[in-house]
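See below for input10.pdb, which holds PDB, C-alpha atoms.
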```pdb
ATOM      1  CA  GLN A   1       0.000   0.000   0.000  1.00  0.00           C
ATOM      2  CA  VAL A   2       1.127   3.504  -0.828  1.00  0.00           C
ATOM      3  CA  GLN A   3      -0.516   6.678   0.373  1.00  0.00           C
ATOM      4  CA  LEU A   4       0.139   9.873  -1.545  1.00  0.00           C
ATOM      5  CA  VAL A   5      -0.306  13.439  -0.325  1.00  0.00           C
ATOM      6  CA  GLU A   6       0.018  16.391  -2.684  1.00  0.00           C
ATOM      7  CA  SER A   7       0.784  19.943  -1.638  1.00  0.00           C
ATOM      8  CA  GLY A   8       2.172  23.160  -3.030  1.00  0.00           C
ATOM      9  CA  GLY A   9      -0.813  24.356  -5.012  1.00  0.00           C
ATOM     10  CA  GLY A  10      -2.104  27.881  -4.842  1.00  0.00           C
ATOM     11  CA  LEU A  11      -3.178  31.009  -6.674  1.00  0.00           C
ATOM     12  CA  VAL A  12      -0.560  32.595  -8.913  1.00  0.00           C
ATOM     13  CA  GLN A  13      -0.409  34.952 -11.858  1.00  0.00           C
ATOM     14  CA  ALA A  14       0.378  34.003 -15.420  1.00  0.00           C
ATOM     15  CA  GLY A  15       4.120  33.659 -15.875  1.00  0.00           C
ATOM     16  CA  ASP A  16       4.740  32.687 -12.266  1.00  0.00           C
ATOM     17  CA  SER A  17       6.198  29.410 -11.042  1.00  0.00           C
ATOM     18  CA  LEU A  18       5.063  26.796  -8.535  1.00  0.00           C
ATOM     19  CA  THR A  19       6.456  23.549  -7.229  1.00  0.00           C
ATOM     20  CA  LEU A  20       4.077  20.754  -6.341  1.00  0.00           C
ATOM     21  CA  PHE A  21       5.045  18.049  -3.896  1.00  0.00           C
ATOM     22  CA  CYS A  22       3.866  14.460  -3.748  1.00  0.00           C
ATOM     23  CA  VAL A  23       4.911  12.758  -0.529  1.00  0.00           C
ATOM     24  CA  ALA A  24       4.446   9.012  -0.228  1.00  0.00           C
ATOM     25  CA  SER A  25       4.158   6.761   2.764  1.00  0.00           C
ATOM     26  CA  GLY A  26       5.584   3.286   2.749  1.00  0.00           C
ATOM     27  CA  ARG A  27       9.068   1.903   2.626  1.00  0.00           C
ATOM     28  CA  THR A  28       9.083   0.866  -1.037  1.00  0.00           C
ATOM     29  CA  PHE A  29       8.489   4.201  -2.698  1.00  0.00           C
ATOM     30  CA  SER A  30      11.459   3.676  -4.980  1.00  0.00           C
ATOM     31  CA  SER A  31       9.674   0.662  -6.450  1.00  0.00           C
ATOM     32  CA  TYR A  32       6.927   2.804  -7.968  1.00  0.00           C
ATOM     33  CA  VAL A  33       6.749   4.940 -11.039  1.00  0.00           C
ATOM     34  CA  VAL A  34       4.940   8.199 -10.326  1.00  0.00           C
ATOM     35  CA  GLY A  35       2.822  10.388 -12.523  1.00  0.00           C
ATOM     36  CA  TRP A  36       1.174  13.789 -12.285  1.00  0.00           C
ATOM     37  CA  PHE A  37      -2.280  14.369 -13.728  1.00  0.00           C
ATOM     38  CA  ARG A  38      -4.661  17.303 -13.718  1.00  0.00           C
ATOM     39  CA  GLN A  39      -8.376  17.790 -14.039  1.00  0.00           C
ATOM     40  CA  THR A  40     -10.743  20.688 -14.460  1.00  0.00           C
ATOM     41  CA  PRO A  41     -14.507  20.516 -13.883  1.00  0.00           C
ATOM     42  CA  GLY A  42     -16.353  18.891 -16.742  1.00  0.00           C
ATOM     43  CA  LYS A  43     -13.189  17.572 -18.374  1.00  0.00           C
ATOM     44  CA  GLU A  44     -11.424  14.257 -18.307  1.00  0.00           C
ATOM     45  CA  ARG A  45      -8.332  13.847 -16.231  1.00  0.00           C
ATOM     46  CA  GLU A  46      -5.234  14.722 -18.265  1.00  0.00           C
ATOM     47  CA  PHE A  47      -1.758  13.245 -18.074  1.00  0.00           C
ATOM     48  CA  VAL A  48       0.922  15.810 -17.250  1.00  0.00           C
ATOM     49  CA  ALA A  49       4.197  14.041 -16.511  1.00  0.00           C
ATOM     50  CA  ALA A  50       5.675  10.785 -15.250  1.00  0.00           C
ATOM     51  CA  ILE A  51       8.974   9.611 -13.836  1.00  0.00           C
ATOM     52  CA  THR A  52      10.465   6.153 -13.599  1.00  0.00           C
ATOM     53  CA  ARG A  53      11.641   4.490 -10.408  1.00  0.00           C
ATOM     54  CA  SER A  54      15.217   5.718 -10.559  1.00  0.00           C
ATOM     55  CA  GLY A  55      14.279   9.076 -12.005  1.00  0.00           C
ATOM     56  CA  VAL A  56      16.368   8.499 -15.114  1.00  0.00           C
ATOM     57  CA  ASN A  57      13.437   8.618 -17.518  1.00  0.00           C
ATOM     58  CA  THR A  58      10.742  11.268 -17.589  1.00  0.00           C
ATOM     59  CA  TYR A  59       7.738  11.795 -19.830  1.00  0.00           C
ATOM     60  CA  TYR A  60       5.665  14.904 -20.471  1.00  0.00           C
ATOM     61  CA  GLU A  61       2.478  15.904 -22.184  1.00  0.00           C
ATOM     62  CA  ASP A  62       3.286  18.191 -25.092  1.00  0.00           C
ATOM     63  CA  SER A  63       1.435  21.151 -23.589  1.00  0.00           C
ATOM     64  CA  VAL A  64       3.773  21.292 -20.574  1.00  0.00           C
ATOM     65  CA  LYS A  65       7.030  20.124 -22.098  1.00  0.00           C
ATOM     66  CA  ALA A  66       9.842  22.696 -21.579  1.00  0.00           C
ATOM     67  CA  ARG A  67       7.808  24.439 -18.873  1.00  0.00           C
ATOM     68  CA  PHE A  68       7.304  21.665 -16.297  1.00  0.00           C
ATOM     69  CA  THR A  69       9.942  19.412 -14.748  1.00  0.00           C
ATOM     70  CA  ILE A  70       9.238  16.245 -12.808  1.00  0.00           C
ATOM     71  CA  SER A  71      11.850  14.904 -10.412  1.00  0.00           C
ATOM     72  CA  ARG A  72      12.033  12.661  -7.383  1.00  0.00           C
ATOM     73  CA  ASP A  73      14.007  12.114  -4.205  1.00  0.00           C
ATOM     74  CA  ASN A  74      13.518   8.508  -3.167  1.00  0.00           C
ATOM     75  CA  ALA A  75      15.274   9.093   0.155  1.00  0.00           C
ATOM     76  CA  LYS A  76      12.527  11.583   0.998  1.00  0.00           C
ATOM     77  CA  SER A  77       9.764   9.575  -0.704  1.00  0.00           C
ATOM     78  CA  THR A  78       8.882  12.699  -2.629  1.00  0.00           C
ATOM     79  CA  VAL A  79       8.163  13.541  -6.241  1.00  0.00           C
ATOM     80  CA  TYR A  80       8.222  17.146  -7.372  1.00  0.00           C
ATOM     81  CA  LEU A  81       6.576  18.950 -10.242  1.00  0.00           C
ATOM     82  CA  ARG A  82       8.245  22.259 -10.963  1.00  0.00           C
ATOM     83  CA  MET A  83       5.951  24.407 -13.075  1.00  0.00           C
ATOM     84  CA  ASN A  84       7.390  27.476 -14.788  1.00  0.00           C
ATOM     85  CA  ASN A  85       5.760  30.112 -16.949  1.00  0.00           C
ATOM     86  CA  LEU A  86       2.310  29.106 -15.802  1.00  0.00           C
ATOM     87  CA  ARG A  87      -0.664  29.879 -18.020  1.00  0.00           C
ATOM     88  CA  PRO A  88      -4.353  30.292 -17.166  1.00  0.00           C
ATOM     89  CA  GLU A  89      -5.025  27.016 -19.008  1.00  0.00           C
ATOM     90  CA  ASP A  90      -2.840  25.231 -16.438  1.00  0.00           C
ATOM     91  CA  THR A  91      -5.539  25.891 -13.838  1.00  0.00           C
ATOM     92  CA  ALA A  92      -6.700  22.528 -12.494  1.00  0.00           C
ATOM     93  CA  VAL A  93      -6.603  20.140  -9.585  1.00  0.00           C
ATOM     94  CA  TYR A  94      -3.304  18.317  -9.808  1.00  0.00           C
ATOM     95  CA  TYR A  95      -3.036  14.703  -8.675  1.00  0.00           C
ATOM     96  CA  CYS A  96      -0.061  12.454  -8.235  1.00  0.00           C
ATOM     97  CA  ALA A  97      -0.323   8.720  -8.763  1.00  0.00           C
ATOM     98  CA  ALA A  98       1.917   5.716  -8.237  1.00  0.00           C
ATOM     99  CA  ASP A  99       2.123   2.458 -10.111  1.00  0.00           C
ATOM    100  CA  ARG A 100       4.067  -0.684  -9.335  1.00  0.00           C
ATOM    101  CA  TRP A 101       4.833  -1.552 -12.971  1.00  0.00           C
ATOM    102  CA  GLY A 102       4.857   1.544 -15.161  1.00  0.00           C
ATOM    103  CA  CYS A 103       5.453   1.424 -18.882  1.00  0.00           C
ATOM    104  CA  THR A 104       7.431   3.173 -21.600  1.00  0.00           C
ATOM    105  CA  GLY A 105       6.524   6.269 -23.496  1.00  0.00           C
ATOM    106  CA  THR A 106       4.215   9.219 -23.030  1.00  0.00           C
ATOM    107  CA  GLY A 107       1.449   7.486 -24.953  1.00  0.00           C
ATOM    108  CA  CYS A 108       1.479   4.609 -22.536  1.00  0.00           C
ATOM    109  CA  TYR A 109       1.375   6.816 -19.441  1.00  0.00           C
ATOM    110  CA  ARG A 110      -1.638   8.692 -20.780  1.00  0.00           C
ATOM    111  CA  THR A 111      -3.719   5.545 -20.380  1.00  0.00           C
ATOM    112  CA  LEU A 112      -1.908   3.603 -17.653  1.00  0.00           C
ATOM    113  CA  GLN A 113      -4.206   2.620 -14.798  1.00  0.00           C
ATOM    114  CA  PHE A 114      -2.177   3.814 -11.836  1.00  0.00           C
ATOM    115  CA  ASP A 115      -2.630   1.861  -8.635  1.00  0.00           C
ATOM    116  CA  TYR A 116      -2.652   4.666  -6.066  1.00  0.00           C
ATOM    117  CA  TRP A 117      -3.810   8.263  -6.160  1.00  0.00           C
ATOM    118  CA  GLY A 118      -3.543  11.297  -3.930  1.00  0.00           C
ATOM    119  CA  GLN A 119      -6.346  13.667  -3.033  1.00  0.00           C
ATOM    120  CA  GLY A 120      -5.170  16.489  -5.273  1.00  0.00           C
ATOM    121  CA  THR A 121      -4.005  20.071  -4.872  1.00  0.00           C
ATOM    122  CA  GLN A 122      -5.593  23.076  -6.580  1.00  0.00           C
ATOM    123  CA  VAL A 123      -3.554  25.260  -8.892  1.00  0.00           C
ATOM    124  CA  THR A 124      -5.168  28.471 -10.114  1.00  0.00           C
ATOM    125  CA  VAL A 125      -3.430  30.737 -12.600  1.00  0.00           C
ATOM    126  CA  SER A 126      -4.915  34.180 -13.133  1.00  0.00           C
ATOM    127  CA  SER A 127      -4.371  36.140 -16.328  1.00  0.00           C
TER     128      SER A 127
END
```
Go ahead and render the structure in this file as structure tokens.
Amino acid sequence: QVQLVESGGGLVQAGDSLTLFCVASGRTFSSYVVGWFRQTPGKEREFVAAITRSGVNTYYEDSVKARFTISRDNAKSTVYLRMNNLRPEDTAVYYCAADRWGCTGTGCYRTLQFDYWGQGTQVTVSS
């Protein structure tokens, strides 16, 4: 079992930066791939980024590539999502998720059924 808690969301202006945190419980955090997703009311949940167990490989949705960076510190059981140059369309509830197996490629992570999910953190970007 893995429990995930997101934090770091807030209200910012367009062009600002934020770092989201996903802290996991459990002693085997390094055994899980982790992804970030986001969702706005009335829309389907959208893949944002994912990182493999060691952190060597990362994957991003095209709309955030070059602006967002996913990283992890397994010693702290934490995954980060650094978001730069935020846009109003980035406004959403952001969720982190963990999966025991993972896969390869952005296309795969868009549809992967992650095993564990956090409760989400709200990010609001004003224009």
- Message: Applying 8 Å and all atoms listed in the file, which residues near Tyr94 (chain A) remain after dropping the ones on its own chain fewer than 3 positions away? List them as JSON, numbers by chain.
- Response: {"A": [36, 37, 38, 39, 120, 121, 122, 123]}
- Item | Picked residues, the PyMOL selection byres ((chain A and resi 90) around 10), expected as a list of chain:residue names | A:Ala14, A:Arg38, A:Gln39, A:Thr40, A:Ser63, A:Val64, A:Met83, A:Asn85, A:Leu86, A:Arg87, A:Pro88, A:Glu89, A:Thr91, A:Ala92, A:Val93, A:Tyr94, A:Val123, A:Thr124, A:Val125, A:Ser126
- Message: Residues near Phe114 (chain A), anyone? I mean within 9 Å using only C-alpha atoms, not counting same-chain ones fewer than 3 positions away, as a PyMOL selection string.
- Response: chain A and resi 34-35+97-102+109+111+117
- Message: Given the PyMOL selection byres ((chain A and resi 30-32) around 12) and the file above, list the residues it selects as a ChimeraX atom specification.
- Response: /A:1-4,24-29,33-35,50-55,72-79,96-103,114-116
- Message: Which residue is closest to Glu6 (chain A)? Choose from A:Gly107, A:Ile70, A:Gln113, A:Leu81 and count all atoms listed in the file.
- Response: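 Closest to Glu6 (chain A) of all the choices is A:Leu81.
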- Item | Surrounding residues of Val5 (chain A) excluding itself and chain neighbours under 2 positions, 7 Å, all atoms listed in the file, as a PyMOL selection string | chain A and resi 3+7+22-24+118-119
- Please indicate the distance in Å from CA of Glu46 (chain A) to CA of Tyr95 (chain A), rounded to one decimal place.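 Taking CA of Glu46 (chain A) and CA of Tyr95 (chain A), their separation equals 9.8 Å.
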- Message: I'd like to see the residues matched by the PyMOL selection byres ((chain A and resi 82) around 8) on this file, and ideally I'd get them as a list in words.
- Response: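 This file gives the following for the PyMOL selection byres ((chain A and resi 82) around 8): Ser17, Leu18, Thr19, Leu20, Phe68, Thr69, Ile70, Tyr80, Leu81, Met83 and Asn84 of chain A.
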- Between CA of Leu11 (chain A) and CA of Gly42 (chain A), what is the distance, to one decimal in Å?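 Distance between the two atoms: 20.5 Å.
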- Message: Between CA of Gly105 (chain A) and CA of Lys43 (chain A), what distance in Å does the model show, to one decimal?
- Response: 23.3 Å
Is it possible to dump region 61-98 of chain A as an mmCIF file, in the first residue's frame, including just N, CA, C and O atoms?
```cif
data_model
loop_
_atom_site.group_PDB
_atom_site.id
_atom_site.type_symbol
_atom_site.label_atom_id
_atom_site.label_comp_id
_atom_site.auth_asym_id
_atom_site.auth_seq_id
_atom_site.Cartn_x
_atom_site.Cartn_y
_atom_site.Cartn_z
ATOM 1 N N GLU A 61 3.453 15.549 -21.176
ATOM 2 C CA GLU A 61 2.478 15.904 -22.184
ATOM 3 C C GLU A 61 3.041 17.086 -22.975
ATOM 4 O O GLU A 61 3.762 17.928 -22.432
ATOM 5 N N ASP A 62 2.711 17.156 -24.231
ATOM 6 C CA ASP A 62 3.286 18.191 -25.092
ATOM 7 C C ASP A 62 2.998 19.602 -24.575
ATOM 8 O O ASP A 62 3.835 20.497 -24.710
ATOM 9 N N SER A 63 1.830 19.804 -23.997
ATOM 10 C CA SER A 63 1.435 21.151 -23.589
ATOM 11 C C SER A 63 2.268 21.699 -22.430
ATOM 12 O O SER A 63 2.272 22.906 -22.181
ATOM 13 N N VAL A 64 2.989 20.828 -21.718
ATOM 14 C CA VAL A 64 3.773 21.292 -20.574
ATOM 15 C C VAL A 64 5.275 21.093 -20.779
ATOM 16 O O VAL A 64 6.079 21.555 -19.966
ATOM 17 N N LYS A 65 5.616 20.397 -21.841
ATOM 18 C CA LYS A 65 7.030 20.124 -22.098
ATOM 19 C C LYS A 65 7.789 21.437 -22.189
ATOM 20 O O LYS A 65 7.331 22.393 -22.787
ATOM 21 N N ALA A 66 8.971 21.513 -21.606
ATOM 22 C CA ALA A 66 9.842 22.696 -21.579
ATOM 23 C C ALA A 66 9.404 23.725 -20.550
ATOM 24 O O ALA A 66 10.119 24.697 -20.296
ATOM 25 N N ARG A 67 8.219 23.537 -19.950
ATOM 26 C CA ARG A 67 7.808 24.439 -18.873
ATOM 27 C C ARG A 67 7.772 23.726 -17.522
ATOM 28 O O ARG A 67 8.048 24.349 -16.482
ATOM 29 N N PHE A 68 7.417 22.441 -17.529
ATOM 30 C CA PHE A 68 7.304 21.665 -16.297
ATOM 31 C C PHE A 68 8.462 20.678 -16.207
ATOM 32 O O PHE A 68 8.931 20.158 -17.221
ATOM 33 N N THR A 69 8.891 20.401 -14.983
ATOM 34 C CA THR A 69 9.942 19.412 -14.748
ATOM 35 C C THR A 69 9.528 18.507 -13.594
ATOM 36 O O THR A 69 9.208 18.999 -12.499
ATOM 37 N N ILE A 70 9.532 17.215 -13.849
ATOM 38 C CA ILE A 70 9.238 16.245 -12.808
ATOM 39 C C ILE A 70 10.556 15.662 -12.306
ATOM 40 O O ILE A 70 11.479 15.409 -13.088
ATOM 41 N N SER A 71 10.642 15.480 -11.008
ATOM 42 C CA SER A 71 11.850 14.904 -10.412
ATOM 43 C C SER A 71 11.432 14.160 -9.142
ATOM 44 O O SER A 71 10.299 14.287 -8.689
ATOM 45 N N ARG A 72 12.355 13.401 -8.594
ATOM 46 C CA ARG A 72 12.033 12.661 -7.383
ATOM 47 C C ARG A 72 13.256 12.527 -6.492
ATOM 48 O O ARG A 72 14.407 12.533 -6.965
ATOM 49 N N ASP A 73 12.980 12.390 -5.207
ATOM 50 C CA ASP A 73 14.007 12.114 -4.205
ATOM 51 C C ASP A 73 13.515 10.899 -3.430
ATOM 52 O O ASP A 73 12.667 11.024 -2.538
ATOM 53 N N ASN A 74 14.011 9.733 -3.793
ATOM 54 C CA ASN A 74 13.518 8.508 -3.167
ATOM 55 C C ASN A 74 13.851 8.449 -1.676
ATOM 56 O O ASN A 74 13.114 7.842 -0.912
ATOM 57 N N ALA A 75 14.928 9.079 -1.268
ATOM 58 C CA ALA A 75 15.274 9.093 0.155
ATOM 59 C C ALA A 75 14.234 9.852 0.967
ATOM 60 O O ALA A 75 14.034 9.564 2.158
ATOM 61 N N LYS A 76 13.577 10.804 0.334
ATOM 62 C CA LYS A 76 12.527 11.583 0.998
ATOM 63 C C LYS A 76 11.130 11.132 0.583
ATOM 64 O O LYS A 76 10.141 11.747 0.988
ATOM 65 N N SER A 77 11.061 10.081 -0.231
ATOM 66 C CA SER A 77 9.764 9.575 -0.704
ATOM 67 C C SER A 77 8.918 10.688 -1.299
ATOM 68 O O SER A 77 7.710 10.783 -1.053
ATOM 69 N N THR A 78 9.547 11.515 -2.094
ATOM 70 C CA THR A 78 8.882 12.699 -2.629
ATOM 71 C C THR A 78 9.131 12.825 -4.130
ATOM 72 O O THR A 78 10.245 12.616 -4.599
ATOM 73 N N VAL A 79 8.070 13.182 -4.827
ATOM 74 C CA VAL A 79 8.163 13.541 -6.241
ATOM 75 C C VAL A 79 7.748 14.998 -6.365
ATOM 76 O O VAL A 79 6.796 15.434 -5.728
ATOM 77 N N TYR A 80 8.467 15.722 -7.195
ATOM 78 C CA TYR A 80 8.222 17.146 -7.372
ATOM 79 C C TYR A 80 7.730 17.412 -8.788
ATOM 80 O O TYR A 80 8.096 16.714 -9.734
ATOM 81 N N LEU A 81 6.942 18.454 -8.921
ATOM 82 C CA LEU A 81 6.576 18.950 -10.242
ATOM 83 C C LEU A 81 6.829 20.452 -10.233
ATOM 84 O O LEU A 81 6.079 21.224 -9.634
ATOM 85 N N ARG A 82 7.906 20.847 -10.856
ATOM 86 C CA ARG A 82 8.245 22.259 -10.963
ATOM 87 C C ARG A 82 7.549 22.814 -12.192
ATOM 88 O O ARG A 82 7.750 22.314 -13.313
ATOM 89 N N MET A 83 6.740 23.833 -11.997
ATOM 90 C CA MET A 83 5.951 24.407 -13.075
ATOM 91 C C MET A 83 6.375 25.858 -13.285
ATOM 92 O O MET A 83 6.200 26.692 -12.388
ATOM 93 N N ASN A 84 6.954 26.124 -14.436
ATOM 94 C CA ASN A 84 7.390 27.476 -14.788
ATOM 95 C C ASN A 84 6.478 28.077 -15.844
ATOM 96 O O ASN A 84 5.798 27.362 -16.579
ATOM 97 N N ASN A 85 6.514 29.401 -15.923
ATOM 98 C CA ASN A 85 5.760 30.112 -16.949
ATOM 99 C C ASN A 85 4.310 29.623 -17.012
ATOM 100 O O ASN A 85 3.806 29.249 -18.076
ATOM 101 N N LEU A 86 3.663 29.628 -15.871
ATOM 102 C CA LEU A 86 2.310 29.106 -15.802
ATOM 103 C C LEU A 86 1.340 29.936 -16.624
ATOM 104 O O LEU A 86 1.484 31.159 -16.750
ATOM 105 N N ARG A 87 0.349 29.258 -17.180
ATOM 106 C CA ARG A 87 -0.664 29.879 -18.020
ATOM 107 C C ARG A 87 -2.040 29.660 -17.396
ATOM 108 O O ARG A 87 -2.229 28.690 -16.654
ATOM 109 N N PRO A 88 -3.004 30.501 -17.707
ATOM 110 C CA PRO A 88 -4.353 30.292 -17.166
ATOM 111 C C PRO A 88 -4.893 28.894 -17.485
ATOM 112 O O PRO A 88 -5.623 28.313 -16.668
ATOM 113 N N GLU A 89 -4.526 28.348 -18.645
ATOM 114 C CA GLU A 89 -5.025 27.016 -19.008
ATOM 115 C C GLU A 89 -4.395 25.904 -18.185
ATOM 116 O O GLU A 89 -4.802 24.744 -18.295
ATOM 117 N N ASP A 90 -3.407 26.220 -17.357
ATOM 118 C CA ASP A 90 -2.840 25.231 -16.438
ATOM 119 C C ASP A 90 -3.681 25.102 -15.164
ATOM 120 O O ASP A 90 -3.399 24.229 -14.331
ATOM 121 N N THR A 91 -4.672 25.957 -15.013
ATOM 122 C CA THR A 91 -5.539 25.891 -13.838
ATOM 123 C C THR A 91 -6.248 24.548 -13.780
ATOM 124 O O THR A 91 -6.872 24.124 -14.750
ATOM 125 N N ALA A 92 -6.118 23.862 -12.648
ATOM 126 C CA ALA A 92 -6.700 22.528 -12.494
ATOM 127 C C ALA A 92 -6.403 22.020 -11.085
ATOM 128 O O ALA A 92 -5.598 22.617 -10.357
ATOM 129 N N VAL A 93 -7.027 20.906 -10.752
ATOM 130 C CA VAL A 93 -6.603 20.140 -9.585
ATOM 131 C C VAL A 93 -5.547 19.159 -10.070
ATOM 132 O O VAL A 93 -5.766 18.429 -11.042
ATOM 133 N N TYR A 94 -4.421 19.179 -9.418
ATOM 134 C CA TYR A 94 -3.304 18.317 -9.808
ATOM 135 C C TYR A 94 -3.226 17.127 -8.848
ATOM 136 O O TYR A 94 -3.258 17.299 -7.625
ATOM 137 N N TYR A 95 -3.107 15.940 -9.435
ATOM 138 C CA TYR A 95 -3.036 14.703 -8.675
ATOM 139 C C TYR A 95 -1.726 13.981 -8.979
ATOM 140 O O TYR A 95 -1.283 13.968 -10.127
ATOM 141 N N CYS A 96 -1.154 13.368 -7.961
ATOM 142 C CA CYS A 96 -0.061 12.454 -8.235
ATOM 143 C C CYS A 96 -0.573 11.028 -8.074
ATOM 144 O O CYS A 96 -1.551 10.781 -7.354
ATOM 145 N N ALA A 97 0.091 10.114 -8.757
ATOM 146 C CA ALA A 97 -0.323 8.720 -8.763
ATOM 147 C C ALA A 97 0.904 7.832 -8.835
ATOM 148 O O ALA A 97 1.924 8.222 -9.406
ATOM 149 N N ALA A 98 0.795 6.661 -8.248
ATOM 150 C CA ALA A 98 1.917 5.716 -8.237
ATOM 151 C C ALA A 98 1.487 4.380 -8.816
ATOM 152 O O ALA A 98 0.344 3.948 -8.632
#
```
